[in-house]
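A.B. asks: Have a look at this one before I ask anything.
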Amino acid sequence: MTVEQPSDACGGMVTCHGLVYHQGLLLHLFLKHVLEVVEVPHPDSIAFHVLTGIHPSLIRQTILMFSVQLWQQDNLVRIIKGDLRDRLGHIISIDLENQSATIDTNSDGDDGEAEVFACPIFDLQCKYRHGDWVKIFAGDDRGVEGCVLYHVHEMLTLSACRHGERNEVCAKCITNTN
């Protein structure tokens with residue numbers, strides 16, 4: 001095995017038996033017109049990659065793309081990049097193919113004109129409010145549904161009914177903080 005670059009936070013290249021690996025993944029080049037994305041994997045399908053820390057930015061983007069499929073019109077989002085950073089708005093529409101969403105940042109009910117912007121999906125973060133109804137789609141609590149009690153950083157606390165009893169369930173939510 002030959003390490004071609006130091007294995008640090010930026011990643012490293014490793015050659016083993018003539019194969020090149022980048023951050024633990026086999027490096028293989030394909031012509032772009034030969035590739036076709038057929039689906040975004042379920043977060044449970046890439047759990048091993050998450051645990052091993054292989055290419056964290058790719059994993060975060062994959063999980064976000066899975067989450068975006070569940071976003072709906074009128075969901076609250078925060079713009080996290082660009083000139084409109086930290087502005088809140090509601091989703092008007094989502095274009096998964098172009099990885100963008102149309103956002104109304106003047107949807108708080110005042111009499112001002114609508115401020116509608118198209119934003120890249122990766123520049124948005126879904127915001128959960130007290131009382132929102134959510135379903136957990138991955139992890140140990142997969143399938144649990146409940147009402148949001150708290151949303152602090154990447155953790156949601158839900159009031160959920162499990163096994164006939166009302167419980168508080170804590171779950172890590174999918175957010176885009178890069």
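Chains: A, B, ... in order of the structure tokens. Residues: from 1 per chain. Ligands: from 1, in order shown.
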Pick out the residues sitting within 8 Å of region 122-128 of chain A, and hand them over as a list in words; count only C-alpha atoms, and ignore anything fewer than 6 positions along from it in its own chain.
C.D. replies: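 The contact residues come out as Gln61, Leu64, Asn75, Leu76, Val77, Arg78, Ile79, Ile80, Lys81, Gly82, Gln99, Val148, His151, Thr175, Asn176 and Thr177 of chain A.
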A.B. asks: Store the residues of this selection in a file with N, CA and C atoms, as a PDB file, in the first residue's frame.
C.D. replies:
```pdb
ATOM      1  N   GLN A  61     -24.572  15.731   2.111  1.00  0.00           N
ATOM      2  CA  GLN A  61     -25.345  16.116   0.922  1.00  0.00           C
ATOM      3  C   GLN A  61     -26.352  15.029   0.552  1.00  0.00           C
ATOM      4  N   LEU A  64     -29.169  15.134   3.026  1.00  0.00           N
ATOM      5  CA  LEU A  64     -29.996  16.318   2.760  1.00  0.00           C
ATOM      6  C   LEU A  64     -30.892  16.095   1.544  1.00  0.00           C
ATOM      7  N   ASN A  75     -43.485  24.749   4.023  1.00  0.00           N
ATOM      8  CA  ASN A  75     -42.518  24.451   5.083  1.00  0.00           C
ATOM      9  C   ASN A  75     -41.643  25.679   5.308  1.00  0.00           C
ATOM     10  N   LEU A  76     -41.284  25.905   6.556  1.00  0.00           N
ATOM     11  CA  LEU A  76     -40.416  27.023   6.919  1.00  0.00           C
ATOM     12  C   LEU A  76     -38.960  26.617   6.706  1.00  0.00           C
ATOM     13  N   VAL A  77     -38.182  27.489   6.058  1.00  0.00           N
ATOM     14  CA  VAL A  77     -36.756  27.247   5.853  1.00  0.00           C
ATOM     15  C   VAL A  77     -35.972  28.512   6.195  1.00  0.00           C
ATOM     16  N   ARG A  78     -34.691  28.303   6.490  1.00  0.00           N
ATOM     17  CA  ARG A  78     -33.774  29.415   6.731  1.00  0.00           C
ATOM     18  C   ARG A  78     -32.715  29.364   5.648  1.00  0.00           C
ATOM     19  N   ILE A  79     -32.425  30.503   5.049  1.00  0.00           N
ATOM     20  CA  ILE A  79     -31.363  30.592   4.054  1.00  0.00           C
ATOM     21  C   ILE A  79     -30.046  30.681   4.817  1.00  0.00           C
ATOM     22  N   ILE A  80     -29.101  29.785   4.508  1.00  0.00           N
ATOM     23  CA  ILE A  80     -27.871  29.713   5.291  1.00  0.00           C
ATOM     24  C   ILE A  80     -26.634  30.212   4.543  1.00  0.00           C
ATOM     25  N   LYS A  81     -26.790  30.607   3.272  1.00  0.00           N
ATOM     26  CA  LYS A  81     -25.651  31.112   2.500  1.00  0.00           C
ATOM     27  C   LYS A  81     -26.092  32.288   1.639  1.00  0.00           C
ATOM     28  N   GLY A  82     -25.132  33.122   1.275  1.00  0.00           N
ATOM     29  CA  GLY A  82     -25.404  34.195   0.332  1.00  0.00           C
ATOM     30  C   GLY A  82     -25.874  35.483   0.972  1.00  0.00           C
ATOM     31  N   GLN A  99     -32.076  20.927  -8.241  1.00  0.00           N
ATOM     32  CA  GLN A  99     -31.652  21.103  -6.853  1.00  0.00           C
ATOM     33  C   GLN A  99     -31.856  22.541  -6.375  1.00  0.00           C
ATOM     34  N   VAL A 148     -43.428  18.221  17.489  1.00  0.00           N
ATOM     35  CA  VAL A 148     -42.174  18.849  17.921  1.00  0.00           C
ATOM     36  C   VAL A 148     -42.423  19.670  19.186  1.00  0.00           C
ATOM     37  N   HIS A 151     -36.665  22.323  19.193  1.00  0.00           N
ATOM     38  CA  HIS A 151     -35.678  22.149  18.126  1.00  0.00           C
ATOM     39  C   HIS A 151     -34.479  22.993  18.517  1.00  0.00           C
ATOM     40  N   THR A 175     -29.987  18.507   9.020  1.00  0.00           N
ATOM     41  CA  THR A 175     -29.842  19.932   8.764  1.00  0.00           C
ATOM     42  C   THR A 175     -28.638  20.138   7.866  1.00  0.00           C
ATOM     43  N   ASN A 176     -28.587  21.275   7.248  1.00  0.00           N
ATOM     44  CA  ASN A 176     -27.472  21.624   6.380  1.00  0.00           C
ATOM     45  C   ASN A 176     -26.754  22.785   7.020  1.00  0.00           C
ATOM     46  N   THR A 177     -25.608  22.502   7.641  1.00  0.00           N
ATOM     47  CA  THR A 177     -24.885  23.554   8.349  1.00  0.00           C
ATOM     48  C   THR A 177     -23.591  23.927   7.661  1.00  0.00           C
TER      49      THR A 177
END
```
A.B. asks: Could you please write out, as a list in words, every residue of region 79-126 of chain A that DSSP assigns to strand (DSSP E)?
C.D. replies: Ile79, Leu88, Gly89, His90, Ile91, Ile92, Ser93, Ile94, Asp95, Ser100, Ala101, Thr102, Ile103, Asp104, Val116, Phe117, Ala118, Cys119, Pro120, Leu124, Gln125 and Cys126 of chain A
A.B. asks: Please produce a file of the residues just selected, as a short mmCIF file (atom, residue, chain, number, x, y, z; two decimals), in the first residue's frame, where the atoms kept are all heavy atoms.
C.D. replies:
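Once written, again-v1.cif looks like this:
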```cif
data_model
loop_
_atom_site.label_atom_id
_atom_site.label_comp_id
_atom_site.auth_asym_id
_atom_site.auth_seq_id
_atom_site.Cartn_x
_atom_site.Cartn_y
_atom_site.Cartn_z
N ILE A 79 -32.42 30.50 5.05
CA ILE A 79 -31.36 30.59 4.05
C ILE A 79 -30.05 30.68 4.82
O ILE A 79 -29.90 31.53 5.70
CB ILE A 79 -31.57 31.81 3.13
CG1 ILE A 79 -32.93 31.68 2.41
CG2 ILE A 79 -30.43 31.93 2.13
CD1 ILE A 79 -33.34 32.91 1.64
N LEU A 88 -35.66 33.96 6.93
CA LEU A 88 -36.63 32.86 6.97
C LEU A 88 -37.62 33.05 5.84
O LEU A 88 -37.92 34.17 5.43
CB LEU A 88 -37.37 32.84 8.31
CG LEU A 88 -36.55 32.49 9.54
CD1 LEU A 88 -37.41 32.61 10.78
CD2 LEU A 88 -35.95 31.11 9.43
N GLY A 89 -38.14 31.94 5.36
CA GLY A 89 -39.16 32.00 4.33
C GLY A 89 -39.89 30.68 4.22
O GLY A 89 -39.53 29.70 4.88
N HIS A 90 -40.92 30.67 3.42
CA HIS A 90 -41.71 29.46 3.20
C HIS A 90 -41.48 28.95 1.79
O HIS A 90 -41.34 29.74 0.85
CB HIS A 90 -43.20 29.74 3.43
CG HIS A 90 -43.52 29.95 4.87
ND1 HIS A 90 -43.42 31.18 5.48
CD2 HIS A 90 -43.91 29.08 5.83
CE1 HIS A 90 -43.76 31.06 6.75
NE2 HIS A 90 -44.06 29.80 6.99
N ILE A 91 -41.47 27.64 1.66
CA ILE A 91 -41.27 27.02 0.36
C ILE A 91 -42.51 27.22 -0.49
O ILE A 91 -43.63 26.95 -0.05
CB ILE A 91 -40.97 25.51 0.51
CG1 ILE A 91 -39.64 25.32 1.22
CG2 ILE A 91 -40.97 24.82 -0.85
CD1 ILE A 91 -39.33 23.86 1.56
N ILE A 92 -42.30 27.70 -1.72
CA ILE A 92 -43.38 27.79 -2.69
C ILE A 92 -43.36 26.56 -3.58
O ILE A 92 -44.38 25.95 -3.84
CB ILE A 92 -43.24 29.07 -3.55
CG1 ILE A 92 -43.41 30.30 -2.67
CG2 ILE A 92 -44.24 29.07 -4.69
CD1 ILE A 92 -43.13 31.61 -3.39
N SER A 93 -42.15 26.18 -4.03
CA SER A 93 -42.01 24.98 -4.87
C SER A 93 -40.58 24.46 -4.77
O SER A 93 -39.67 25.19 -4.38
CB SER A 93 -42.36 25.29 -6.32
OG SER A 93 -41.43 26.22 -6.85
N ILE A 94 -40.41 23.20 -5.15
CA ILE A 94 -39.11 22.54 -5.12
C ILE A 94 -38.87 21.90 -6.48
O ILE A 94 -39.75 21.24 -7.03
CB ILE A 94 -39.05 21.47 -4.02
CG1 ILE A 94 -39.27 22.10 -2.65
CG2 ILE A 94 -37.71 20.72 -4.06
CD1 ILE A 94 -39.43 21.09 -1.53
N ASP A 95 -37.67 22.09 -7.02
CA ASP A 95 -37.26 21.47 -8.27
C ASP A 95 -36.09 20.54 -7.95
O ASP A 95 -34.94 20.98 -7.87
CB ASP A 95 -36.85 22.54 -9.28
CG ASP A 95 -36.46 21.98 -10.64
OD1 ASP A 95 -36.31 20.75 -10.77
OD2 ASP A 95 -36.30 22.79 -11.56
N SER A 100 -33.07 23.05 -6.61
CA SER A 100 -33.38 24.41 -6.17
C SER A 100 -34.80 24.46 -5.62
O SER A 100 -35.61 23.56 -5.86
CB SER A 100 -33.23 25.40 -7.33
OG SER A 100 -34.21 25.18 -8.30
N ALA A 101 -35.06 25.51 -4.87
CA ALA A 101 -36.39 25.73 -4.31
C ALA A 101 -36.74 27.20 -4.47
O ALA A 101 -35.87 28.07 -4.43
CB ALA A 101 -36.44 25.33 -2.85
N THR A 102 -38.02 27.48 -4.65
CA THR A 102 -38.51 28.85 -4.71
C THR A 102 -39.05 29.18 -3.32
O THR A 102 -39.88 28.45 -2.77
CB THR A 102 -39.61 29.01 -5.78
OG1 THR A 102 -39.08 28.55 -7.02
CG2 THR A 102 -40.04 30.45 -5.91
N ILE A 103 -38.56 30.30 -2.77
CA ILE A 103 -38.84 30.68 -1.39
C ILE A 103 -39.50 32.04 -1.35
O ILE A 103 -39.09 32.96 -2.05
CB ILE A 103 -37.52 30.75 -0.57
CG1 ILE A 103 -36.69 29.49 -0.72
CG2 ILE A 103 -37.78 31.06 0.90
CD1 ILE A 103 -37.38 28.24 -0.28
N ASP A 104 -40.53 32.18 -0.52
CA ASP A 104 -41.16 33.48 -0.25
C ASP A 104 -40.68 33.93 1.12
O ASP A 104 -41.02 33.34 2.14
CB ASP A 104 -42.69 33.33 -0.27
CG ASP A 104 -43.40 34.64 0.04
OD1 ASP A 104 -42.73 35.67 0.25
OD2 ASP A 104 -44.65 34.63 0.08
N VAL A 116 -39.91 36.80 -3.56
CA VAL A 116 -39.75 35.41 -3.99
C VAL A 116 -38.36 35.24 -4.59
O VAL A 116 -37.94 36.04 -5.42
CB VAL A 116 -40.84 35.02 -5.01
CG1 VAL A 116 -40.64 33.62 -5.51
CG2 VAL A 116 -42.22 35.18 -4.37
N PHE A 117 -37.66 34.21 -4.13
CA PHE A 117 -36.31 33.93 -4.60
C PHE A 117 -36.16 32.45 -4.92
O PHE A 117 -36.75 31.61 -4.26
CB PHE A 117 -35.28 34.29 -3.52
CG PHE A 117 -35.32 35.72 -3.08
CD1 PHE A 117 -36.03 36.10 -1.96
CD2 PHE A 117 -34.65 36.69 -3.81
CE1 PHE A 117 -36.08 37.42 -1.56
CE2 PHE A 117 -34.69 38.02 -3.42
CZ PHE A 117 -35.40 38.38 -2.29
N ALA A 118 -35.34 32.17 -5.92
CA ALA A 118 -34.93 30.79 -6.19
C ALA A 118 -33.60 30.58 -5.48
O ALA A 118 -32.69 31.39 -5.61
CB ALA A 118 -34.77 30.55 -7.69
N CYS A 119 -33.51 29.52 -4.69
CA CYS A 119 -32.31 29.23 -3.91
C CYS A 119 -31.86 27.80 -4.17
O CYS A 119 -32.70 26.90 -4.25
CB CYS A 119 -32.58 29.36 -2.42
SG CYS A 119 -32.97 31.00 -1.87
N PRO A 120 -30.55 27.56 -4.22
CA PRO A 120 -30.07 26.18 -4.27
C PRO A 120 -30.50 25.46 -2.99
O PRO A 120 -30.49 26.05 -1.89
CB PRO A 120 -28.55 26.32 -4.33
CG PRO A 120 -28.30 27.71 -4.81
CD PRO A 120 -29.45 28.53 -4.31
N LEU A 124 -30.25 25.99 1.94
CA LEU A 124 -31.44 26.06 2.79
C LEU A 124 -31.35 25.08 3.95
O LEU A 124 -30.73 24.03 3.84
CB LEU A 124 -32.70 25.77 1.98
CG LEU A 124 -32.98 26.70 0.81
CD1 LEU A 124 -34.16 26.18 0.00
CD2 LEU A 124 -33.24 28.11 1.31
N GLN A 125 -32.02 25.43 5.02
CA GLN A 125 -32.12 24.55 6.18
C GLN A 125 -33.58 24.55 6.62
O GLN A 125 -34.16 25.61 6.86
CB GLN A 125 -31.23 25.08 7.30
CG GLN A 125 -31.29 24.28 8.57
CD GLN A 125 -30.42 24.92 9.64
OE1 GLN A 125 -30.51 26.11 9.91
NE2 GLN A 125 -29.56 24.13 10.24
N CYS A 126 -34.16 23.36 6.69
CA CYS A 126 -35.55 23.24 7.13
C CYS A 126 -35.63 23.59 8.62
O CYS A 126 -34.80 23.15 9.41
CB CYS A 126 -36.07 21.83 6.88
SG CYS A 126 -37.85 21.70 7.05
#
```
A.B. asks: So how far away is CA of Val40 (chain A) from CA of Thr62 (chain A), in Å?
C.D. replies: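 That distance, rounded to one decimal, is 6.8 Å.
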A.B. asks: What separation in Å, quoted to one decimal, exists between CA of Cys147 (chain A) and CA of His130 (chain A)?
C.D. replies: 7.5 Å
A.B. asks: What is the distance between CA of Val68 (chain A) and CA of Tyr150 (chain A), in Å to one decimal?
C.D. replies: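 Separating CA of Val68 (chain A) from CA of Tyr150 (chain A) is a distance of 21.0 Å.
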A.B. asks: Neighbouring residues of Cys173 (chain A) were defined as those with any atom within 8 Å, considering only C-alpha atoms; residues of the same chain fewer than 5 positions away were excluded. Please report them as a PDB file with C-alpha atoms, in the first residue's frame.
C.D. replies:
```pdb
ATOM      1  CA  GLU A 154     -29.560  19.479  15.282  1.00  0.00           C
ATOM      2  CA  MET A 155     -31.747  17.852  17.950  1.00  0.00           C
ATOM      3  CA  LEU A 156     -35.506  17.552  17.909  1.00  0.00           C
TER       4      LEU A 156
END
```
A.B. asks: Write down as a PyMOL selection string the residues of region 47-163 of chain A whose backbone DSSP state falls under alpha helix (DSSP H).
C.D. replies: chain A and resi 47-52+56-68
A.B. asks: Emit the selected residues as a PDB file, in the first residue's frame, including N, CA and C atoms.
C.D. replies:
```
ATOM      1  N   ALA A  47     -25.620   4.098   6.622  1.00  0.00           N
ATOM      2  CA  ALA A  47     -25.279   4.231   8.049  1.00  0.00           C
ATOM      3  C   ALA A  47     -23.823   3.864   8.311  1.00  0.00           C
ATOM      4  N   PHE A  48     -23.314   2.821   7.658  1.00  0.00           N
ATOM      5  CA  PHE A  48     -21.928   2.409   7.857  1.00  0.00           C
ATOM      6  C   PHE A  48     -20.974   3.522   7.439  1.00  0.00           C
ATOM      7  N   HIS A  49     -21.283   4.178   6.332  1.00  0.00           N
ATOM      8  CA  HIS A  49     -20.441   5.278   5.858  1.00  0.00           C
ATOM      9  C   HIS A  49     -20.446   6.435   6.864  1.00  0.00           C
ATOM     10  N   VAL A  50     -21.599   6.687   7.452  1.00  0.00           N
ATOM     11  CA  VAL A  50     -21.707   7.753   8.444  1.00  0.00           C
ATOM     12  C   VAL A  50     -20.833   7.409   9.659  1.00  0.00           C
ATOM     13  N   LEU A  51     -20.945   6.167  10.143  1.00  0.00           N
ATOM     14  CA  LEU A  51     -20.198   5.746  11.326  1.00  0.00           C
ATOM     15  C   LEU A  51     -18.691   5.775  11.109  1.00  0.00           C
ATOM     16  N   THR A  52     -18.245   5.420   9.923  1.00  0.00           N
ATOM     17  CA  THR A  52     -16.807   5.372   9.658  1.00  0.00           C
ATOM     18  C   THR A  52     -16.232   6.728   9.270  1.00  0.00           C
ATOM     19  N   PRO A  56     -17.433  12.867   4.788  1.00  0.00           N
ATOM     20  CA  PRO A  56     -18.576  13.449   5.503  1.00  0.00           C
ATOM     21  C   PRO A  56     -19.402  14.437   4.688  1.00  0.00           C
ATOM     22  N   SER A  57     -18.759  15.263   3.839  1.00  0.00           N
ATOM     23  CA  SER A  57     -19.539  16.255   3.087  1.00  0.00           C
ATOM     24  C   SER A  57     -20.450  15.566   2.068  1.00  0.00           C
ATOM     25  N   LEU A  58     -19.988  14.495   1.437  1.00  0.00           N
ATOM     26  CA  LEU A  58     -20.828  13.742   0.501  1.00  0.00           C
ATOM     27  C   LEU A  58     -21.986  13.070   1.234  1.00  0.00           C
ATOM     28  N   ILE A  59     -21.715  12.518   2.397  1.00  0.00           N
ATOM     29  CA  ILE A  59     -22.763  11.874   3.202  1.00  0.00           C
ATOM     30  C   ILE A  59     -23.809  12.903   3.610  1.00  0.00           C
ATOM     31  N   ARG A  60     -23.361  14.086   4.061  1.00  0.00           N
ATOM     32  CA  ARG A  60     -24.305  15.135   4.475  1.00  0.00           C
ATOM     33  C   ARG A  60     -25.174  15.569   3.298  1.00  0.00           C
ATOM     34  N   GLN A  61     -24.572  15.731   2.111  1.00  0.00           N
ATOM     35  CA  GLN A  61     -25.345  16.116   0.922  1.00  0.00           C
ATOM     36  C   GLN A  61     -26.352  15.029   0.552  1.00  0.00           C
ATOM     37  N   THR A  62     -25.950  13.767   0.659  1.00  0.00           N
ATOM     38  CA  THR A  62     -26.849  12.658   0.327  1.00  0.00           C
ATOM     39  C   THR A  62     -28.029  12.625   1.279  1.00  0.00           C
ATOM     40  N   ILE A  63     -27.753  12.786   2.571  1.00  0.00           N
ATOM     41  CA  ILE A  63     -28.840  12.781   3.560  1.00  0.00           C
ATOM     42  C   ILE A  63     -29.753  13.978   3.349  1.00  0.00           C
ATOM     43  N   LEU A  64     -29.169  15.134   3.026  1.00  0.00           N
ATOM     44  CA  LEU A  64     -29.996  16.318   2.760  1.00  0.00           C
ATOM     45  C   LEU A  64     -30.892  16.095   1.544  1.00  0.00           C
ATOM     46  N   MET A  65     -30.350  15.507   0.475  1.00  0.00           N
ATOM     47  CA  MET A  65     -31.164  15.254  -0.720  1.00  0.00           C
ATOM     48  C   MET A  65     -32.306  14.287  -0.411  1.00  0.00           C
ATOM     49  N   PHE A  66     -32.064  13.314   0.471  1.00  0.00           N
ATOM     50  CA  PHE A  66     -33.155  12.422   0.889  1.00  0.00           C
ATOM     51  C   PHE A  66     -34.216  13.242   1.621  1.00  0.00           C
ATOM     52  N   SER A  67     -33.785  14.089   2.530  1.00  0.00           N
ATOM     53  CA  SER A  67     -34.699  14.901   3.319  1.00  0.00           C
ATOM     54  C   SER A  67     -35.520  15.849   2.450  1.00  0.00           C
ATOM     55  N   VAL A  68     -34.875  16.446   1.453  1.00  0.00           N
ATOM     56  CA  VAL A  68     -35.542  17.424   0.589  1.00  0.00           C
ATOM     57  C   VAL A  68     -36.728  16.802  -0.135  1.00  0.00           C
TER      58      VAL A  68
END
```
